[in-house]
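This is model.txt. It holds compact mmCIF, C-alpha atoms.
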# COMPACT_ATOMS: atom_id res chain seq x y z
CA MET A 1 12.92 95.59 170.36
CA THR A 2 12.26 91.89 169.74
CA LEU A 3 9.95 91.80 172.75
CA SER A 4 8.06 94.84 171.47
CA PHE A 5 7.49 93.13 168.12
CA GLU A 6 6.24 89.99 169.88
CA ILE A 7 3.36 91.84 171.56
CA VAL A 8 2.22 93.51 168.33
CA HIS A 9 -0.91 92.05 166.73
CA PRO A 10 -0.07 89.43 164.05
CA ILE A 11 -1.79 91.47 161.33
CA VAL A 12 0.44 94.46 162.14
CA GLN A 13 3.43 92.10 162.19
CA ALA A 14 2.43 90.89 158.72
CA LEU A 15 2.19 94.47 157.47
CA CYS A 16 5.65 95.28 158.84
CA ALA A 17 7.06 92.14 157.24
CA GLY A 18 5.45 93.04 153.91
CA LEU A 19 6.92 96.53 154.06
CA PHE A 20 10.31 94.98 154.77
CA THR A 21 10.18 92.68 151.73
CA TRP A 22 9.00 95.59 149.58
CA SER A 23 11.89 97.76 150.79
CA LEU A 24 14.40 95.16 149.61
CA THR A 25 12.72 95.09 146.21
CA ALA A 26 13.18 98.86 146.08
CA LEU A 27 16.81 98.47 147.17
CA GLY A 28 17.43 96.06 144.33
CA ALA A 29 15.74 98.40 141.85
CA SER A 30 17.93 101.29 143.04
CA ILE A 31 20.95 99.70 141.37
CA VAL A 32 20.05 101.67 138.24
CA PHE A 33 21.33 104.83 139.93
CA PHE A 34 24.85 103.43 139.88
CA PHE A 35 25.07 103.22 136.08
CA LYS A 36 26.18 106.02 133.77
CA SER A 37 25.80 104.51 130.32
CA PRO A 38 25.20 100.75 130.51
CA LYS A 39 26.74 98.80 127.66
CA LYS A 40 24.86 96.11 125.76
CA THR A 41 27.12 93.31 127.01
CA PHE A 42 26.58 94.31 130.62
CA MET A 43 22.82 94.65 130.18
CA ASP A 44 22.62 91.30 128.38
CA ALA A 45 24.55 89.75 131.26
CA MET A 46 22.04 91.23 133.71
CA LEU A 47 19.18 89.80 131.66
CA GLY A 48 20.87 86.40 131.75
CA TYR A 49 21.41 86.74 135.50
CA ALA A 50 17.77 87.76 136.01
CA SER A 51 16.69 84.70 134.01
CA GLY A 52 18.59 82.41 136.36
CA VAL A 53 17.13 84.16 139.39
CA MET A 54 13.59 83.75 138.09
CA ILE A 55 14.02 80.10 137.10
CA ALA A 56 15.35 79.18 140.54
CA ALA A 57 12.70 81.26 142.32
CA SER A 58 10.01 79.54 140.28
CA TYR A 59 10.92 76.21 141.78
CA TRP A 60 12.25 76.83 145.28
CA SER A 61 10.06 79.82 146.18
CA LEU A 62 6.89 78.81 144.35
CA LEU A 63 6.51 75.28 142.97
CA SER A 64 8.15 73.41 145.83
CA PRO A 65 6.05 75.16 148.53
CA ALA A 66 2.96 74.69 146.36
CA ILE A 67 3.59 70.95 146.12
CA GLN A 68 4.15 70.63 149.86
CA MET A 69 1.10 72.71 150.75
CA ALA A 70 -1.18 70.88 148.30
CA SER A 71 -0.02 67.57 149.78
CA GLN A 72 -0.69 68.76 153.34
CA LEU A 73 -4.17 69.90 152.31
CA ASN A 74 -4.87 66.46 150.76
CA MET A 75 -5.29 67.91 147.27
CA ASN A 76 -4.49 66.25 143.98
CA VAL A 77 -0.95 67.62 143.86
CA ILE A 78 -0.24 66.89 140.19
CA LEU A 79 -3.54 68.35 139.01
CA MET A 80 -3.41 71.45 141.21
CA VAL A 81 0.21 72.39 140.49
CA SER A 82 0.05 71.57 136.78
CA PHE A 83 -3.16 73.53 136.28
CA GLY A 84 -1.79 76.52 138.18
CA PHE A 85 1.52 76.45 136.30
CA LEU A 86 -0.12 76.23 132.88
CA SER A 87 -2.64 78.94 133.82
CA GLY A 88 0.17 81.35 134.69
CA GLY A 89 1.91 80.67 131.40
CA PHE A 90 -1.34 81.01 129.46
CA VAL A 91 -2.07 84.42 131.00
CA LEU A 92 1.37 85.65 129.89
CA PHE A 93 0.80 84.06 126.47
CA SER A 94 -2.48 85.96 126.21
CA GLY A 95 -0.73 89.12 127.32
CA ASP A 96 1.90 88.56 124.63
CA LEU A 97 -0.83 88.37 122.00
CA PHE A 98 -2.45 91.49 123.43
CA PHE A 99 0.78 93.48 123.30
CA SER A 100 1.49 92.18 119.80
CA ASN A 101 -1.68 93.91 118.62
CA PHE A 102 -0.05 97.18 119.60
CA GLN A 103 3.34 96.35 118.11
CA LYS A 104 3.31 99.49 115.96
CA ASN A 105 2.95 101.70 119.01
CA THR A 106 4.92 99.60 121.48
CA SER A 107 8.55 98.62 120.99
CA SER A 108 9.59 95.01 121.55
CA ASP A 109 11.78 96.21 124.43
CA ARG A 110 8.83 97.97 126.06
CA LYS A 111 6.66 94.88 125.62
CA ARG A 112 9.32 92.71 127.22
CA SER A 113 9.65 95.10 130.15
CA LEU A 114 5.90 95.23 130.70
CA MET A 115 5.66 91.44 130.63
CA LEU A 116 8.59 91.16 133.03
CA MET A 117 7.06 93.62 135.49
CA PHE A 118 3.68 91.88 135.23
CA SER A 119 5.12 88.43 135.85
CA MET A 120 7.25 89.67 138.76
CA THR A 121 4.21 91.35 140.29
CA LEU A 122 2.31 88.06 139.99
CA HIS A 123 5.26 86.39 141.68
CA ASN A 124 5.17 88.86 144.58
CA ILE A 125 1.45 88.43 145.34
CA PRO A 126 1.66 84.81 146.56
CA GLU A 127 4.93 85.59 148.33
CA GLY A 128 3.17 88.37 150.23
CA LEU A 129 0.32 86.01 151.01
CA ALA A 130 2.81 83.44 152.27
CA VAL A 131 4.33 86.03 154.62
CA GLY A 132 0.87 86.99 155.85
CA ILE A 133 -0.07 83.38 156.45
CA GLY A 134 3.12 82.92 158.46
CA PHE A 135 2.15 85.67 160.87
CA GLY A 136 -1.61 85.13 160.68
CA SER A 137 -1.14 81.54 161.75
CA LEU A 138 0.08 82.82 165.10
CA MET A 139 -3.47 83.97 165.89
CA PHE A 140 -4.76 80.40 165.62
CA GLU A 141 -1.74 78.65 167.15
CA LEU A 142 -1.48 76.36 164.13
CA GLU A 143 1.04 73.53 164.25
CA GLY A 144 4.57 74.73 163.52
CA ALA A 145 3.55 78.39 163.59
CA THR A 146 6.11 80.44 165.52
CA LEU A 147 7.19 84.05 165.38
CA ALA A 148 10.74 82.96 164.56
CA SER A 149 9.63 80.87 161.58
CA ALA A 150 7.43 83.69 160.28
CA CYS A 151 10.28 86.21 160.58
CA LEU A 152 12.69 83.82 158.87
CA LEU A 153 10.26 83.39 155.98
CA ALA A 154 9.96 87.17 155.60
CA LEU A 155 13.75 87.52 155.70
CA GLY A 156 14.23 84.86 153.04
CA ILE A 157 11.64 86.39 150.73
CA GLY A 158 13.09 89.84 151.32
CA LEU A 159 16.58 88.73 150.34
CA GLN A 160 15.16 87.14 147.20
CA ASN A 161 13.40 90.38 146.33
CA PHE A 162 16.66 92.30 146.01
CA PRO A 163 17.76 90.69 142.71
CA GLU A 164 14.13 90.64 141.56
CA GLY A 165 13.93 94.43 141.86
CA THR A 166 17.08 94.61 139.77
CA ALA A 167 15.58 92.20 137.24
CA VAL A 168 12.75 94.65 136.56
CA SER A 169 14.56 98.02 136.70
CA VAL A 170 17.66 97.14 134.67
CA PRO A 171 15.79 96.07 131.49
CA LEU A 172 13.78 99.30 131.68
CA LEU A 173 16.99 101.32 131.91
CA ARG A 174 18.33 99.42 128.94
CA GLU A 175 15.45 100.48 126.71
CA GLY A 176 15.99 104.14 127.50
CA VAL A 177 13.67 104.74 130.44
CA SER A 178 15.04 107.33 132.87
CA ARG A 179 16.71 106.12 136.05
CA LYS A 180 13.95 107.50 138.23
CA LYS A 181 11.23 105.80 136.21
CA ALA A 182 13.17 102.54 136.01
CA PHE A 183 13.56 102.60 139.79
CA PHE A 184 9.89 103.50 140.28
CA TYR A 185 8.61 100.63 138.16
CA GLY A 186 11.17 98.25 139.64
CA GLN A 187 10.06 98.88 143.21
CA LEU A 188 6.42 98.99 142.12
CA SER A 189 6.53 95.27 141.32
CA GLY A 190 7.03 94.62 145.04
CA ALA A 191 4.46 97.15 146.27
CA VAL A 192 1.78 94.44 146.29
CA GLU A 193 3.55 92.48 149.03
CA PRO A 194 2.44 94.56 152.06
CA LEU A 195 -1.17 94.43 150.87
CA ALA A 196 -0.94 90.71 150.10
CA ALA A 197 0.68 90.08 153.49
CA VAL A 198 -2.20 91.75 155.32
CA ALA A 199 -4.70 89.83 153.16
CA GLY A 200 -2.92 86.58 153.93
CA ALA A 201 -3.01 87.28 157.67
CA LEU A 202 -6.70 88.19 157.57
CA MET A 203 -7.69 85.15 155.54
CA VAL A 204 -5.12 82.69 156.83
CA LEU A 205 -7.51 79.77 157.19
CA GLN A 206 -9.41 80.31 153.93
CA ILE A 207 -6.50 81.37 151.70
CA GLN A 208 -4.59 78.17 152.33
CA ARG A 209 -6.94 76.33 150.00
CA ILE A 210 -6.03 78.44 146.97
CA LEU A 211 -2.42 79.29 147.79
CA PRO A 212 -0.98 76.17 146.04
CA PHE A 213 -2.71 77.27 142.84
CA MET A 214 -1.52 80.88 143.18
CA LEU A 215 2.07 79.83 143.84
CA SER A 216 2.04 77.55 140.79
CA PHE A 217 0.35 80.24 138.72
CA ALA A 218 3.11 82.73 139.49
CA ALA A 219 5.76 80.12 138.65
CA GLY A 220 4.24 79.47 135.24
CA ALA A 221 4.08 83.19 134.50
CA MET A 222 7.73 83.63 135.41
CA ILE A 223 8.99 80.69 133.38
CA TYR A 224 7.04 81.88 130.35
CA VAL A 225 8.60 85.34 130.33
CA VAL A 226 12.08 83.88 130.89
CA VAL A 227 11.80 81.48 127.94
CA GLU A 228 9.91 83.86 125.67
CA GLU A 229 11.76 87.11 126.29
CA LEU A 230 14.74 87.23 128.63
CA ILE A 231 16.96 84.35 127.54
CA PRO A 232 16.45 84.93 123.79
CA GLU A 233 17.34 88.61 124.24
CA SER A 234 20.47 87.88 126.28
CA GLN A 235 21.56 85.37 123.64
CA THR A 236 21.62 88.06 120.93
CA ASN A 237 24.97 89.11 122.41
CA HIS A 238 28.02 88.01 120.45
CA ARG A 239 29.34 86.54 123.73
CA LYS A 240 26.29 84.38 124.25
CA ASP A 241 28.29 81.65 125.98
CA TYR A 242 29.20 84.13 128.72
CA MET A 243 25.56 85.23 128.92
CA ALA A 244 24.64 81.59 129.57
CA LEU A 245 27.13 81.53 132.45
CA PHE A 246 25.43 84.57 134.00
CA THR A 247 22.14 82.68 133.84
CA LEU A 248 23.80 79.91 135.85
CA PHE A 249 25.17 82.47 138.33
CA GLY A 250 21.68 83.93 138.79
CA PHE A 251 20.22 80.48 139.34
CA ILE A 252 22.86 79.61 141.94
CA THR A 253 22.35 82.90 143.78
CA MET A 254 18.63 82.36 144.18
CA MET A 255 19.06 78.66 144.93
CA ILE A 256 21.47 79.42 147.77
CA LEU A 257 19.13 82.06 149.23
CA ASP A 258 16.10 79.78 149.04
CA ILE A 259 17.84 76.75 150.52
CA SER A 260 19.55 78.78 153.24
CA PHE A 261 16.32 80.37 154.44
CA SER A 262 13.88 77.54 153.83

What does this structure look like when you write it as structure tokens?
Amino acid sequence: MTLSFEIVHPIVQALCAGLFTWSLTALGASIVFFFKSPKKTFMDAMLGYASGVMIAASYWSLLSPAIQMASQLNMNVILMVSFGFLSGGFVLFSGDLFFSNFQKNTSSDRKRSLMLMFSMTLHNIPEGLAVGIGFGSLMFELEGATLASACLLALGIGLQNFPEGTAVSVPLLREGVSRKKAFFYGQLSGAVEPLAAVAGALMVLQIQRILPFMLSFAAGAMIYVVVEELIPESQTNHRKDYMALFTLFGFITMMILDISFS
């Protein structure tokens, strides 16, 4: 089976890898089917855990690769990463203002869920591009480009996507969305990865120039929604010290995954 995958065109390999990472997002989102009537303490703990996951992913999955790639491309690392990070946060800030204009028709929980899904989708686009670049690089025999390294990258991103799918679907379930809809929207945040992976493989040489910005952009968007929405909501629990511990647990989980598969 490994040999069969080796002879497949790199673009098809990238598509398969993108579908794999998407499937693990869906698997993480499916956790909502195992709840009967989630209690506030449990849901707050999950929000805290999701916050830790997103904070760690923002650095190890996004900012750190962006810094390394910008350096390799002889860019102004500080300028590129800072501008991308602030741009991502500003887009979420603008989205917050936009949703605030519809506060009468949109609950604060729904606004938070929409922002979370939007930021996670932004996070998945550069990850999909990164997977595509890993496989697309095989066409050009770029330095360090191997099938094993590309597959390892896809595996690492896929494992990260599991808790990210949960991070989107669980808050939706909390606000009263049905299990099926919560699952649908949770997996939908990862649906962009197969498309982004193919795009990354097709544009591997050109996309490298803007990938550091896109990675930083996604990181800024994620940090904004964590600070603005997720942590404050989890801290409304009367056991807020325990909620803080779950944030640490989420951070450690994602940190271990990123370091192990980097």

Which neighbours of Ala196 of chain A fall inside 9 Å, counting all atoms listed in the file, when residues of the same chain fewer than 5 positions from it are skipped, and could you give them as an mmCIF file with C-alpha atoms, in the frame of the given file?
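File written: out_25.cif
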data_model
loop_
_atom_site.group_PDB
_atom_site.id
_atom_site.type_symbol
_atom_site.label_atom_id
_atom_site.label_comp_id
_atom_site.auth_asym_id
_atom_site.auth_seq_id
_atom_site.Cartn_x
_atom_site.Cartn_y
_atom_site.Cartn_z
ATOM 1 C CA LEU A 15 2.190 94.470 157.470
ATOM 2 C CA GLY A 18 5.450 93.040 153.910
ATOM 3 C CA ASN A 124 5.170 88.860 144.580
ATOM 4 C CA ILE A 125 1.450 88.430 145.340
ATOM 5 C CA PRO A 126 1.660 84.810 146.560
ATOM 6 C CA GLU A 127 4.930 85.590 148.330
ATOM 7 C CA GLY A 128 3.170 88.370 150.230
ATOM 8 C CA LEU A 129 0.320 86.010 151.010
ATOM 9 C CA ALA A 130 2.810 83.440 152.270
ATOM 10 C CA VAL A 131 4.330 86.030 154.620
ATOM 11 C CA GLY A 132 0.870 86.990 155.850
ATOM 12 C CA ALA A 201 -3.010 87.280 157.670
#

Name the closest residue to Val177 of chain A among the candidates A:Ser113, A:Asn76, A:Ser51, A:Gln160; distances are taken between atoms, counting all atoms listed in the file. A:Ser113

Which residue out of A:Arg209, A:Arg239, A:Lys181, A:His123 has the minimum interatomic distance to Tyr59 of chain A when all atoms listed in the file are used?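 Ranked by minimum distance to Tyr59 of chain A, first place goes to A:His123.
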
Of the residues A:Ile259, A:Val225, A:Met139, A:Ala70, which is the one nearest to Leu114 of chain A, using only C-alpha atoms?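 Among A:Ile259, A:Val225, A:Met139, A:Ala70, it is A:Val225 that comes nearest to Leu114 of chain A.
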
Could you tell me how far atom CA of Ile210 of chain A sits from atom CA of Ala150 of chain A, in Å to one decimal place?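 Separating atom CA of Ala150 of chain A from atom CA of Ile210 of chain A is a distance of 19.6 Å.
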
Between atom CA of Ala221 of chain A and atom CA of Thr121 of chain A, distance in Å (one decimal):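 That distance, rounded to one decimal, is 10.0 Å.
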
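Using all atoms listed in the file, the shortest contact distance between Gln206 of chain A and any of A:Thr247, A:Leu73, A:Ala182, A:Cys151 is found at A:Leu73.
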
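Residues having any atom no farther than 12 Å from (18.7, 86.0, 123.5) (counting only C-alpha atoms) are Thr41, Met43, Asp44, Ala45, Met46, Leu47, Gly48, Ser51, Val226, Val227, Glu228, Glu229, Leu230, Ile231, Pro232, Glu233, Ser234, Gln235, Thr236, Asn237, His238, Arg239, Lys240, Asp241, Tyr242, Met243, Ala244 and Thr247 of chain A.
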
For Ala50 of chain A, the nearest of the candidates A:Val204, A:Leu245, A:Leu153, A:Leu86, counting only C-alpha atoms: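 Ranked by minimum distance to Ala50 of chain A, first place goes to A:Leu245.
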
How many Å separate atom CA of Met80 of chain A from atom CA of Gln68 of chain A?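 Atom CA of Met80 of chain A sits 11.5 Å away from atom CA of Gln68 of chain A.
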
Within 8 Å of segment 168-175 of chain A, which residues of segment 113-134 of chain A come that close, and what is the closest atom pair and distance in Å for each? Count only C-alpha atoms and give it as JSON lines.
{"residue": "A:Ser113", "atom": "CA", "partner": "A:Leu172", "partner_atom": "CA", "distance": 6.1}
{"residue": "A:Leu116", "atom": "CA", "partner": "A:Val168", "partner_atom": "CA", "distance": 6.5}
{"residue": "A:Met117", "atom": "CA", "partner": "A:Val168", "partner_atom": "CA", "distance": 5.9}
{"residue": "A:Met120", "atom": "CA", "partner": "A:Val168", "partner_atom": "CA", "distance": 7.7}

Please provide as a PyMOL selection string all residues within 10 Å of Ser119 of chain A, with the sequence filter that same-chain residues fewer than 6 positions apart are discarded (counting all atoms listed in the file). chain A and resi 54+88-89+91-92+113+168+189+217-226

Return the single residue from A:Gly84, A:Pro212, A:Gly176, A:Gly156 that is closest to Ala57 of chain A, with distances computed using all atoms listed in the file.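 When distances to Ala57 of chain A are compared using all atoms listed in the file, the smallest one comes from A:Gly156.
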
Spatial neighbours of Met203 of chain A, max dist 10 Å, all atoms listed in the file, sep filter under 5 positions, as a PDB file with C-alpha atoms, keeping the file's coordinate frame:
ATOM      1  CA  LEU A 129       0.320  86.010 151.010  1.00  0.00           C
ATOM      2  CA  GLY A 132       0.870  86.990 155.850  1.00  0.00           C
ATOM      3  CA  ILE A 133      -0.070  83.380 156.450  1.00  0.00           C
ATOM      4  CA  GLY A 136      -1.610  85.130 160.680  1.00  0.00           C
ATOM      5  CA  SER A 137      -1.140  81.540 161.750  1.00  0.00           C
ATOM      6  CA  ALA A 197       0.680  90.080 153.490  1.00  0.00           C
ATOM      7  CA  VAL A 198      -2.200  91.750 155.320  1.00  0.00           C
ATOM      8  CA  GLN A 208      -4.590  78.170 152.330  1.00  0.00           C
TER       9      GLN A 208
END

Leu152 of chain A: which residues within 12 Å, counting only C-alpha atoms, same-chain residues fewer than 4 positions away excluded, as a list of chain:residue names? A:Ala17, A:Thr21, A:Ala130, A:Val131, A:Gly134, A:Phe135, A:Ala145, A:Thr146, A:Leu147, A:Ala148, A:Gly156, A:Ile157, A:Gly158, A:Leu159, A:Leu257, A:Asp258, A:Ser260, A:Phe261, A:Ser262

I want to know what sits within 9 Å of Ser82 of chain A, based on all atoms listed in the file, with residues of the same chain fewer than 5 positions away left out; could you give that as JSON, numbers by chain? {"A": [77, 87, 213, 216, 217]}

What does the file look like for those residues with C-alpha atoms, as a short mmCIF file (atom, residue, chain, number, x, y, z; two decimals), keeping the file's coordinate frame?
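Everything below was put into part.cif:
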data_model
loop_
_atom_site.label_atom_id
_atom_site.label_comp_id
_atom_site.auth_asym_id
_atom_site.auth_seq_id
_atom_site.Cartn_x
_atom_site.Cartn_y
_atom_site.Cartn_z
CA VAL A 77 -0.95 67.62 143.86
CA SER A 87 -2.64 78.94 133.82
CA PHE A 213 -2.71 77.27 142.84
CA SER A 216 2.04 77.55 140.79
CA PHE A 217 0.35 80.24 138.72
#
